[in-house]
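S.K.: What follows is structure-v7.cif, mmCIF, C-alpha atoms and all ligand atoms.
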```
data_structure
#
loop_
_atom_site.label_atom_id
_atom_site.label_comp_id
_atom_site.auth_asym_id
_atom_site.auth_seq_id
_atom_site.Cartn_x
_atom_site.Cartn_y
_atom_site.Cartn_z
CA SER F 1448 25.44 -2.37 -0.42
CA ASP F 1449 22.08 -4.04 0.31
CA VAL F 1450 20.21 -5.28 -2.75
CA ILE F 1451 16.98 -7.06 -3.50
CA GLN F 1452 16.59 -9.22 -6.58
CA ALA F 1453 13.17 -10.13 -8.02
CA ASP F 1454 11.10 -10.02 -11.21
CA ALA F 1455 10.81 -6.56 -12.74
CA GLU F 1456 7.04 -6.55 -12.24
CA THR F 1457 7.64 -6.59 -8.48
CA PHE F 1458 9.02 -3.07 -8.68
CA ARG F 1459 7.43 0.29 -9.35
CA PRO F 1460 9.32 3.50 -10.00
CA VAL F 1461 8.62 6.17 -7.40
CA PRO F 1462 8.83 9.85 -8.24
CA ASP F 1463 11.44 11.93 -6.47
CA ILE F 1464 9.35 14.78 -5.04
CA GLU F 1465 11.27 17.96 -4.33
CA GLY F 1466 11.50 18.71 -0.64
CA LEU F 1467 10.31 15.26 0.48
CA PRO F 1468 12.42 12.29 1.53
CA LEU F 1469 11.98 9.14 -0.57
CA SER F 1470 10.77 7.42 2.60
CA VAL F 1471 7.32 9.03 2.19
CA HIS F 1472 6.69 6.30 -0.38
CA LEU F 1473 6.94 3.81 2.50
CA HIS F 1474 4.06 5.44 4.35
CA ILE F 1475 1.93 8.50 3.65
CA LEU F 1476 2.32 8.25 -0.17
CA GLY F 1477 2.61 4.45 -0.13
CA MET F 1478 0.76 1.46 1.31
CA THR F 1479 -0.02 3.17 4.61
CA GLY F 1480 -1.75 6.11 2.99
CA LEU F 1481 -3.53 3.74 0.63
CA THR F 1482 -4.80 1.73 3.60
CA ALA F 1483 -6.32 4.89 5.05
CA TYR F 1484 -7.85 5.88 1.70
CA VAL F 1485 -9.31 2.43 0.94
CA GLY F 1486 -10.75 2.07 4.44
CA LEU F 1487 -12.51 5.42 4.27
CA THR F 1488 -13.73 5.22 0.66
CA ALA F 1489 -14.13 1.65 -0.61
CA ILE F 1490 -14.95 0.10 2.78
CA ALA F 1491 -16.74 2.75 4.85
CA GLY F 1492 -18.19 4.73 1.94
CA MET F 1493 -17.42 7.99 3.72
CA LYS F 1494 -19.63 10.85 2.55
CA GLU F 1495 -19.29 14.61 2.82
CA GLY F 1496 -20.61 15.79 6.17
CA ASP F 1497 -19.91 12.52 7.99
CA THR F 1498 -18.56 12.52 11.54
CA VAL F 1499 -15.55 10.20 11.56
CA PHE F 1500 -13.90 8.56 14.56
CA VAL F 1501 -10.38 7.09 14.21
CA SER F 1502 -8.55 4.95 16.77
CA GLY F 1503 -4.77 4.65 16.73
CA ALA F 1504 -5.05 8.15 15.31
CA ALA F 1505 -1.44 9.26 15.85
CA GLY F 1506 0.07 6.21 14.17
CA ALA F 1507 1.06 5.76 10.56
CA VAL F 1508 -2.39 4.79 9.25
CA GLY F 1509 -4.26 7.04 11.69
CA THR F 1510 -2.44 10.27 10.83
CA ALA F 1511 -3.32 9.59 7.18
CA VAL F 1512 -6.97 8.73 7.92
CA GLY F 1513 -7.76 12.00 9.70
CA GLN F 1514 -6.28 14.16 6.98
CA ILE F 1515 -7.85 12.22 4.12
CA ALA F 1516 -11.24 12.31 5.85
CA LYS F 1517 -10.98 16.10 6.08
CA GLN F 1518 -10.00 16.38 2.41
CA LEU F 1519 -13.01 14.22 1.50
CA GLY F 1520 -15.34 16.57 3.37
CA ALA F 1521 -15.87 15.01 6.79
CA SER F 1522 -17.63 17.53 9.02
CA ARG F 1523 -15.94 16.39 12.21
CA VAL F 1524 -12.97 14.06 12.72
CA ILE F 1525 -12.26 12.70 16.18
CA GLY F 1526 -9.15 10.72 17.12
CA SER F 1527 -7.93 8.75 20.09
CA ALA F 1528 -4.28 8.18 21.01
CA GLY F 1529 -2.23 7.13 24.01
CA SER F 1530 -0.43 10.27 25.20
CA ALA F 1531 -0.99 13.99 25.75
CA GLU F 1532 1.72 14.80 23.17
CA LYS F 1533 -0.01 12.71 20.53
CA VAL F 1534 -3.41 14.20 21.35
CA ALA F 1535 -1.96 17.72 20.88
CA LEU F 1536 -0.41 16.75 17.53
CA LEU F 1537 -3.72 15.37 16.30
CA THR F 1538 -5.49 18.70 16.55
CA GLN F 1539 -2.51 20.98 15.88
CA LYS F 1540 -0.85 19.14 13.00
CA TYR F 1541 -3.13 16.42 11.66
CA GLY F 1542 -6.38 18.29 11.15
CA TYR F 1543 -8.40 16.41 13.78
CA ASP F 1544 -11.23 18.52 15.20
CA GLU F 1545 -11.17 16.68 18.51
CA ALA F 1546 -8.78 14.24 20.13
CA PHE F 1547 -8.54 12.45 23.45
CA ASN F 1548 -6.16 10.23 25.41
CA TYR F 1549 -7.74 6.80 25.81
CA LYS F 1550 -5.32 6.00 28.66
CA GLU F 1551 -6.68 8.82 30.84
CA VAL F 1552 -10.36 7.94 30.90
CA ASN F 1553 -12.09 4.86 29.50
CA VAL F 1554 -12.78 5.35 25.78
CA ARG F 1555 -16.40 4.31 26.23
CA GLU F 1556 -16.92 7.27 28.57
CA GLN F 1557 -14.92 9.78 26.52
CA LEU F 1558 -16.19 9.16 23.01
CA PRO F 1559 -19.77 10.44 23.57
CA VAL F 1560 -18.34 13.63 25.08
CA PHE F 1561 -16.32 14.32 21.92
CA ALA F 1562 -19.01 13.02 19.56
CA PRO F 1563 -22.24 14.41 21.06
CA ASP F 1564 -24.05 14.00 17.72
CA GLY F 1565 -22.82 10.46 17.21
CA VAL F 1566 -20.41 8.86 14.73
CA ASP F 1567 -21.18 8.03 11.09
CA VAL F 1568 -17.89 6.34 10.18
CA TYR F 1569 -15.53 4.55 12.54
CA PHE F 1570 -12.06 3.64 11.23
CA ASP F 1571 -10.91 0.90 13.60
CA ASN F 1572 -7.20 0.30 14.12
CA VAL F 1573 -7.57 -0.99 17.67
CA GLY F 1574 -10.61 -3.27 18.18
CA GLY F 1575 -11.55 -4.32 21.75
CA ASP F 1576 -12.54 -1.41 23.98
CA HIS F 1577 -12.46 1.07 21.08
CA LEU F 1578 -14.78 -0.99 18.89
CA GLU F 1579 -17.17 -1.39 21.81
CA ALA F 1580 -17.15 2.37 22.45
CA ALA F 1581 -17.77 3.07 18.77
CA LEU F 1582 -20.69 0.63 18.62
CA ASP F 1583 -22.29 2.65 21.43
CA ALA F 1584 -21.72 5.97 19.63
CA MET F 1585 -22.68 5.00 16.05
CA ASN F 1586 -25.57 6.78 14.36
CA ASP F 1587 -28.21 4.84 12.42
CA GLY F 1588 -26.74 3.61 9.13
CA GLY F 1589 -23.19 4.07 10.38
CA ARG F 1590 -20.30 2.24 8.77
CA ILE F 1591 -17.24 0.73 10.41
CA ALA F 1592 -14.04 -0.10 8.52
CA LEU F 1593 -12.19 -2.81 10.43
CA CYS F 1594 -8.55 -2.16 9.57
CA GLY F 1595 -6.74 -3.50 12.62
CA ALA F 1596 -7.23 -4.73 16.17
CA ILE F 1597 -3.90 -3.91 17.80
CA SER F 1598 -5.32 -3.99 21.34
CA GLY F 1599 -5.55 -7.77 21.02
CA TYR F 1600 -2.38 -8.63 19.09
CA ASN F 1601 -0.36 -9.47 22.18
CA SER F 1602 -3.02 -11.09 24.29
CA THR F 1603 -2.53 -14.73 25.15
CA ASP F 1604 -5.99 -15.11 26.70
CA ARG F 1605 -9.17 -15.36 24.70
CA THR F 1606 -10.39 -11.81 24.12
CA GLN F 1607 -13.91 -10.78 25.12
CA GLY F 1608 -16.15 -9.51 22.34
CA PRO F 1609 -18.04 -6.20 22.54
CA ASP F 1610 -21.14 -6.48 24.76
CA ASN F 1611 -23.23 -4.27 22.47
CA MET F 1612 -23.26 -6.13 19.15
CA ALA F 1613 -27.08 -5.79 19.04
CA ASN F 1614 -26.57 -2.12 18.09
CA ILE F 1615 -25.46 -3.42 14.68
CA ILE F 1616 -29.01 -4.70 14.18
CA THR F 1617 -31.08 -1.95 15.75
CA ARG F 1618 -29.10 0.87 14.11
CA GLY F 1619 -28.55 -0.85 10.76
CA LEU F 1620 -24.78 -0.62 10.97
CA LYS F 1621 -22.35 -2.09 8.45
CA LEU F 1622 -19.01 -3.48 9.60
CA GLU F 1623 -16.51 -4.59 6.98
CA GLY F 1624 -12.97 -5.78 7.43
CA PHE F 1625 -10.35 -5.42 4.73
CA THR F 1626 -6.83 -6.44 3.88
CA LEU F 1627 -5.07 -3.97 1.66
CA ALA F 1628 -3.60 -6.63 -0.63
CA ASN F 1629 -7.10 -7.12 -2.10
CA TYR F 1630 -7.54 -3.40 -2.86
CA LEU F 1631 -4.33 -2.45 -4.65
CA HIS F 1632 -6.34 -1.46 -7.73
CA HIS F 1633 -7.28 1.72 -5.82
CA ALA F 1634 -3.63 2.82 -5.83
CA PRO F 1635 -3.71 4.97 -9.01
CA ALA F 1636 -6.72 7.01 -7.78
CA PHE F 1637 -5.15 7.35 -4.35
CA ARG F 1638 -1.79 8.47 -5.73
CA GLU F 1639 -3.39 11.06 -7.96
CA LYS F 1640 -5.42 12.59 -5.11
CA MET F 1641 -2.70 12.35 -2.47
CA THR F 1642 -0.01 13.84 -4.71
CA LYS F 1643 -2.30 16.80 -5.40
CA TRP F 1644 -3.12 17.33 -1.69
CA PHE F 1645 0.56 17.09 -0.90
CA ALA F 1646 1.48 19.67 -3.54
CA GLU F 1647 -1.16 21.99 -2.05
CA GLY F 1648 0.56 21.69 1.33
CA LYS F 1649 -2.46 20.02 2.92
CA ILE F 1650 -0.79 16.85 4.19
CA ALA F 1651 1.53 16.53 7.20
CA TYR F 1652 3.38 13.41 8.26
CA ASP F 1653 5.75 12.11 10.89
CA GLU F 1654 8.34 9.35 10.88
CA THR F 1655 9.95 7.72 13.88
CA VAL F 1656 13.30 6.48 12.56
CA VAL F 1657 15.47 3.86 14.28
CA ASP F 1658 18.96 3.23 12.89
CA GLY F 1659 20.40 -0.22 12.26
CA ILE F 1660 18.82 -3.48 11.18
CA GLU F 1661 19.93 -4.99 14.49
CA ASN F 1662 17.42 -2.70 16.22
CA THR F 1663 14.46 -3.90 14.15
CA VAL F 1664 12.92 -6.09 16.84
CA ASP F 1665 13.13 -3.33 19.45
CA ALA F 1666 11.64 -0.87 16.97
CA PHE F 1667 8.76 -3.24 16.29
CA LEU F 1668 8.10 -3.74 20.01
CA ASP F 1669 8.31 0.02 20.58
CA MET F 1670 5.72 0.50 17.82
CA MET F 1671 3.42 -1.98 19.54
CA ARG F 1672 3.85 0.01 22.77
CA GLY F 1673 3.15 3.34 21.09
CA ALA F 1674 6.66 4.84 21.06
CA ASN F 1675 6.11 5.98 17.47
CA THR F 1676 4.30 8.97 16.04
CA GLY F 1677 3.47 8.40 12.39
CA LYS F 1678 5.37 5.61 10.66
CA MET F 1679 7.98 3.57 12.52
CA LEU F 1680 10.91 3.06 10.13
CA VAL F 1681 14.20 1.23 10.45
CA ARG F 1682 17.02 2.80 8.44
CA ILE F 1683 19.66 0.38 7.16
N1 LIG P 1 -6.04 -4.01 6.99
C1 LIG P 1 -4.85 -3.77 6.45
O1 LIG P 1 -4.57 -4.11 5.30
C2 LIG P 1 -3.83 -3.04 7.29
C3 LIG P 1 -2.70 -2.45 6.71
C4 LIG P 1 -1.82 -1.74 7.56
C5 LIG P 1 -2.05 -1.66 8.92
N2 LIG P 1 -3.16 -2.28 9.45
C6 LIG P 1 -3.48 -2.17 10.88
O2 LIG P 1 -3.67 -0.80 11.14
C7 LIG P 1 -3.34 -0.52 12.49
C8 LIG P 1 -2.33 0.63 12.53
O3 LIG P 1 -1.12 0.17 11.91
P1 LIG P 1 0.13 1.15 11.78
O4 LIG P 1 1.15 0.43 10.98
O5 LIG P 1 -0.34 2.49 11.32
O6 LIG P 1 0.67 1.22 13.26
P2 LIG P 1 0.79 2.54 14.14
O7 LIG P 1 -0.60 3.03 14.37
O8 LIG P 1 1.78 3.44 13.54
O9 LIG P 1 1.42 1.97 15.50
C9 LIG P 1 0.65 1.23 16.37
C10 LIG P 1 0.01 2.15 17.43
O10 LIG P 1 -1.04 1.44 18.09
C11 LIG P 1 -1.28 2.05 19.33
N3 LIG P 1 -1.66 1.03 20.31
C12 LIG P 1 -0.93 0.00 20.79
N4 LIG P 1 -1.64 -0.72 21.68
C13 LIG P 1 -2.86 -0.12 21.77
C14 LIG P 1 -4.03 -0.38 22.55
N5 LIG P 1 -4.11 -1.41 23.39
N6 LIG P 1 -5.09 0.45 22.41
C15 LIG P 1 -5.03 1.51 21.56
N7 LIG P 1 -3.96 1.80 20.80
C16 LIG P 1 -2.89 0.99 20.91
C17 LIG P 1 0.02 2.78 19.71
O11 LIG P 1 -0.28 4.17 19.82
P3 LIG P 1 -0.80 4.86 21.18
O12 LIG P 1 0.37 5.57 21.77
O13 LIG P 1 -1.87 5.78 20.69
O14 LIG P 1 -1.32 3.76 22.07
C18 LIG P 1 0.95 2.55 18.53
O15 LIG P 1 1.69 3.68 18.16
C19 LIG P 1 -2.83 -1.82 13.09
O16 LIG P 1 -3.88 -2.44 13.77
C20 LIG P 1 -2.41 -2.62 11.87
O17 LIG P 1 -2.47 -4.00 12.11
C21 LIG P 1 -4.04 -2.96 8.66
#
```
Rewrite the coordinates I just gave you, this time as structure tokens.
M.R.:
Amino acid sequence: SDVIQADAETFRPVPDIEGLPLSVHLHILGMTGLTAYVGLTAIAGMKEGDTVFVSGAAGAVGTAVGQIAKQLGASRVIGSAGSAEKVALLTQKYGYDEAFNYKEVNVREQLPVFAPDGVDVYFDNVGGDHLEAALDAMNDGGRIALCGAISGYNSTDRTQGPDNMANIITRGLKLEGFTLANYLHHAPAFREKMTKWFAEGKIAYDETVVDGIENTVDAFLDMMRGANTGKMLVRI
């Protein structure tokens, strides 16, 4: 069998929750869910009544962000994703109030249509065109949690910055990046809340599972291309 050997403090027991596969501890109940929770709470300071926009909304982090935002009292949660199927899932399964396909029409044109009253919190998984669109749509005092910038991960050219950075000044916006490793102390609070929401049947999740360690590279590339809904996992 496959084993890992390390100091005991490296490991944490995970509860076996009836009706759920243990793999949920690798995403919605694990680091991925915690990333969503930390970004919304500790970084963006999301408040009840906020309008929240999430990019990469149908991915592992994004599916968690929308649902957590709703549980924390967001008035309107808007998501963008790269296919019609994903957009349908966002509103039908993941509690998003509005969702759109950023591949159909430029995100900068679509976002104001779905957020006519502006955005208070933007959870950024994508960067680039999505960050630029959000900077246009942000309300005064808005907060942006910079979680990822996947639109630029594969680019070999220098990427262009948003052309509307001055909005940060005139609207008094706060942008803050974060790396989860520095926020692990939020895990107990997250686990307590998430376990309760789960038990109440309020949290949905998806996994895209690829079999065989030899398929790991293809699975990773497929994730970069958007072949996954929810967490991309490799089963070995
Ligand atoms: N700060 C941290 O500590 C931390 C921790 C974990 C993850 N992250 C970041 O969070 C983000 C999401 O990670 P994840 O693991 O949950 O991945 P994921 O969202 O499950 O998968 C990546 C998704 O990105 C979308 N995508 C790819 N290229 C895009 C583009 N050019 N524009 C818009 N969307 C694009 C694809 O969906 P579509 O079909 O919708 O295009 C794809 O499914 C990543 O940026 C990752 O680096 C940060």
S.K.: Neighbouring residues of Arg1638 (chain F) were defined as those with any atom within 10 Å, considering only C-alpha atoms; residues of the same chain fewer than 4 positions away were excluded. Please report them as a short mmCIF file (atom, residue, chain, number, x, y, z; two decimals) with C-alpha atoms, in the frame of the given file.
M.R.:
```cif
data_model
loop_
_atom_site.label_atom_id
_atom_site.label_comp_id
_atom_site.auth_asym_id
_atom_site.auth_seq_id
_atom_site.Cartn_x
_atom_site.Cartn_y
_atom_site.Cartn_z
CA LEU F 1476 2.32 8.25 -0.17
CA GLY F 1477 2.61 4.45 -0.13
CA GLY F 1480 -1.75 6.11 2.99
CA LEU F 1481 -3.53 3.74 0.63
CA TYR F 1484 -7.85 5.88 1.70
CA HIS F 1633 -7.28 1.72 -5.82
CA ALA F 1634 -3.63 2.82 -5.83
CA THR F 1642 -0.01 13.84 -4.71
CA LYS F 1643 -2.30 16.80 -5.40
CA TRP F 1644 -3.12 17.33 -1.69
#
```
S.K.: Give me, as a PyMOL selection string, the set of residues whose atoms come within 7 Å of any atom of ligand LIG 1 (chain P), counting only C-alpha atoms and all ligand atoms.
M.R.: chain F and resi 1479+1482+1502-1509+1527-1530+1572-1573+1594-1599+1625-1628+1670-1679
S.K.: For Arg1555 (chain F), work out the shell of residues within 9 Å, counting all atoms listed in the file and skipping chain neighbours fewer than 2 positions away, then give it as a short mmCIF file (atom, residue, chain, number, x, y, z; two decimals) with C-alpha atoms, in the frame of the given file.
M.R.:
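Listed below is the output, selection_4.cif:
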```cif
data_model
loop_
_atom_site.label_atom_id
_atom_site.label_comp_id
_atom_site.auth_asym_id
_atom_site.auth_seq_id
_atom_site.Cartn_x
_atom_site.Cartn_y
_atom_site.Cartn_z
CA VAL F 1552 -10.36 7.94 30.90
CA ASN F 1553 -12.09 4.86 29.50
CA GLN F 1557 -14.92 9.78 26.52
CA LEU F 1558 -16.19 9.16 23.01
CA PRO F 1559 -19.77 10.44 23.57
CA ASP F 1576 -12.54 -1.41 23.98
CA HIS F 1577 -12.46 1.07 21.08
CA GLU F 1579 -17.17 -1.39 21.81
CA ALA F 1580 -17.15 2.37 22.45
CA ALA F 1581 -17.77 3.07 18.77
CA ASP F 1583 -22.29 2.65 21.43
CA ALA F 1584 -21.72 5.97 19.63
#
```
S.K.: Closest to Ile1683 (chain F) among F:Asn1662, F:Ser1602, F:Asn1611, F:Gln1539, using all atoms listed in the file?
M.R.: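 Of all the options, F:Asn1662 lies closest to Ile1683 (chain F).
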S.K.: Pick from F:Val1534, F:Val1657, F:Val1554, F:Val1499: nearest to Leu1519 (chain F), with all atoms listed in the file counted?
M.R.: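 Counting all atoms listed in the file, the residue closest to Leu1519 (chain F) is F:Val1499.
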S.K.: Kindly indicate which residue among F:Gln1452, F:Gln1514, F:Thr1606, F:Ser1522 lies nearest to Gly1565 (chain F), using all atoms listed in the file for the distances.
M.R.: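 Counting all atoms listed in the file, the residue closest to Gly1565 (chain F) is F:Ser1522.
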S.K.: Got a sec: who's within 8 Å of Met1585 (chain F), counting all atoms listed in the file, leaving out chain neighbours fewer than 2 positions off, as a count of residues only?
M.R.: 12
S.K.: Between CA of Leu1537 (chain F) and CA of Leu1631 (chain F), what is the distance in Å, rounded to a tenth?
M.R.: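 Computing it gives 27.5 Å between the two atoms.
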S.K.: Measure the distance from CA of Glu1545 (chain F) to CA of Gly1526 (chain F) in Å and round it to one decimal.
M.R.: 6.4 Å
S.K.: Just to confirm, what's the straight-line distance from CA of Thr1510 (chain F) to CA of Tyr1541 (chain F) in Å (one decimal)?
M.R.: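 Interatomic distance, CA of Thr1510 (chain F) to CA of Tyr1541 (chain F): 6.2 Å.
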S.K.: From the list F:Glu1623, F:Asp1658, F:Asp1653, F:Glu1647, which residue is nearest Ala1489 (chain F) when using only C-alpha atoms?
M.R.: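 Smallest separation from Ala1489 (chain F) among the options: F:Glu1623.
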S.K.: For a cutoff of 12 Å around the file-coordinate point (-14.9, 20.8, 11.5), which residues qualify once you count only C-alpha atoms? I'd like the result as a PDB file with C-alpha atoms, keeping the file's coordinate frame.
M.R.:
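Done, and the output landed in point_1.pdb:
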```
ATOM      1  CA  GLU F1495     -19.290  14.610   2.820  1.00  0.00           C
ATOM      2  CA  GLY F1496     -20.610  15.790   6.170  1.00  0.00           C
ATOM      3  CA  ASP F1497     -19.910  12.520   7.990  1.00  0.00           C
ATOM      4  CA  THR F1498     -18.560  12.520  11.540  1.00  0.00           C
ATOM      5  CA  VAL F1499     -15.550  10.200  11.560  1.00  0.00           C
ATOM      6  CA  GLY F1513      -7.760  12.000   9.700  1.00  0.00           C
ATOM      7  CA  GLN F1514      -6.280  14.160   6.980  1.00  0.00           C
ATOM      8  CA  ALA F1516     -11.240  12.310   5.850  1.00  0.00           C
ATOM      9  CA  LYS F1517     -10.980  16.100   6.080  1.00  0.00           C
ATOM     10  CA  GLN F1518     -10.000  16.380   2.410  1.00  0.00           C
ATOM     11  CA  GLY F1520     -15.340  16.570   3.370  1.00  0.00           C
ATOM     12  CA  ALA F1521     -15.870  15.010   6.790  1.00  0.00           C
ATOM     13  CA  SER F1522     -17.630  17.530   9.020  1.00  0.00           C
ATOM     14  CA  ARG F1523     -15.940  16.390  12.210  1.00  0.00           C
ATOM     15  CA  VAL F1524     -12.970  14.060  12.720  1.00  0.00           C
ATOM     16  CA  ILE F1525     -12.260  12.700  16.180  1.00  0.00           C
ATOM     17  CA  THR F1538      -5.490  18.700  16.550  1.00  0.00           C
ATOM     18  CA  GLY F1542      -6.380  18.290  11.150  1.00  0.00           C
ATOM     19  CA  TYR F1543      -8.400  16.410  13.780  1.00  0.00           C
ATOM     20  CA  ASP F1544     -11.230  18.520  15.200  1.00  0.00           C
ATOM     21  CA  GLU F1545     -11.170  16.680  18.510  1.00  0.00           C
ATOM     22  CA  ALA F1562     -19.010  13.020  19.560  1.00  0.00           C
TER      23      ALA F1562
END
```
S.K.: Pick out the closest residue to Asp1665 (chain F) from this set: F:Val1681, F:Ile1451, F:Asp1604, F:Tyr1549. Count all atoms listed in the file.
M.R.: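 Result for the nearest residue to Asp1665 (chain F): F:Val1681.
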S.K.: Which of these residues is nearest to Phe1645 (chain F), using all atoms listed in the file: F:Glu1465, F:Asn1601, F:Asp1571, F:Glu1661?
M.R.: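 Of F:Glu1465, F:Asn1601, F:Asp1571, F:Glu1661, the one nearest Phe1645 (chain F) is F:Glu1465, counting all atoms listed in the file.
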